[in-house]
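For reference, the structure discussed in these notes is given below.
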Amino acid sequence: MEFNTEKTIFEKIIDREISAEILMEDDLCIVIRDINPGAPVHVLIIPKKRIPHLAEAREQDALLLGHLLLMAQKFAQQKELGGGFRVVINNGQDAGETVPHLHVHLLAGKPMIWPPC
Ligand code: AMP
């Protein structure tokens with residue numbers, strides 16, 4: 001896929017050029033509340049490094065990818081999401097990806113159905 005050099009909305013949030021509710025942050029990623037929630041709890045775990053899509057992640061991104069999941073776990077522990085939570089990565093048009101900057105959705109707070117499509 002083509003790499004657009006224009007900043008994505010998530011890079012603008014990371015760079016504090018536009019506002020968002022940032023719930024957690026470390027050197028590698030931020031966790032923000034999704035502006036259009038699909039569940040009572042819906043946050044996005046976003047790496048500061050721009051990888052447009054999961055399909056474009058590389059071997060050298062392995063630690064970062066693992067870190068995003070551990071950040072999801074940390075968020076779930078802090079928010080005491082004992083009833084369970086779901087993590088989702090949309091890759092590409094058919095999957096409904098709308099922002100070309102890899103991000104992990106974490107959804108919780110209600111019983112969910114499977115499969116989600
Ligand atoms: P995806 O469809 O997987 O690319 O997910 C993109 C997500 O980003 C959607 O759930 C949007 O609601 C969310 N989103 C888009 N713009 C913002 C924003 N400015 N602040 C927070 N979430 C956003």
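The chains in the structure tokens are called A, B, ... from first to last as shown; in each chain the residues are counted from 1, and the ligands are counted from 1 in the order shown.
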Environment of ligand 1 within 10 Å, counting only C-alpha atoms and all ligand atoms, reported as number ranges by chain: A: 8-10, 12-13, 18-22, 31-38, 42-44, 46, 53, 88-93, 95-105
Can you write out as CSV which residues of stretch 5-43 of chain A fall within 9 Å of stretch 67-72 of chain A, alongside each residue's closest atom pair and its distance in Å to one decimal, counting only C-alpha atoms and ordering rows by chain and ascending residue number?
```
residue,atom,partner,partner_atom,distance
A:Met24,CA,A:Met71,CA,8.8
A:Leu28,CA,A:His67,CA,8.1
A:Cys29,CA,A:Leu68,CA,7.4
A:Val31,CA,A:Met71,CA,8.3
```
Okay, now the selection with N, CA and C atoms, as a short mmCIF file (atom, residue, chain, number, x, y, z; two decimals), in the first residue's frame?
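The resulting file, again-v7.cif, is reproduced below:
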```
data_model
loop_
_atom_site.label_atom_id
_atom_site.label_comp_id
_atom_site.auth_asym_id
_atom_site.auth_seq_id
_atom_site.Cartn_x
_atom_site.Cartn_y
_atom_site.Cartn_z
N MET A 24 -3.78 7.01 28.76
CA MET A 24 -2.49 6.44 29.16
C MET A 24 -1.48 6.81 28.08
N LEU A 28 6.16 4.50 23.84
CA LEU A 28 5.86 3.81 22.58
C LEU A 28 4.44 4.02 22.07
N CYS A 29 3.52 4.37 22.95
CA CYS A 29 2.12 4.43 22.50
C CYS A 29 1.28 5.35 23.37
N VAL A 31 -3.00 5.76 24.68
CA VAL A 31 -4.33 5.13 24.75
C VAL A 31 -5.33 6.28 24.82
#
```
Residue set, chain A restricted to alpha helix (DSSP H), as a list in words: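 Those in chain A that DSSP calls alpha helix (DSSP H) are Ile9, Phe10, Glu11, Lys12, Ile13, Ile14, Ala62, Leu63, Leu64, Leu65, Gly66, His67, Leu68, Leu69, Leu70, Met71, Ala72, Gln73, Lys74, Phe75, Ala76, Gln77 and Gln78 of chain A.
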Polymer residues at most 10 Å from A:Gly83, only C-alpha atoms, same-chain spacing of 5 or more positions, as a count of residues only: 5
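In this comparison, which uses only C-alpha atoms, the residue of A:Glu6, A:Pro115, A:Asp27, A:Leu106 approaching A:Lys74 most closely is A:Leu106.
Note that atom CA of A:Ile113 and atom CA of A:Pro52 are 28.1 Å apart.
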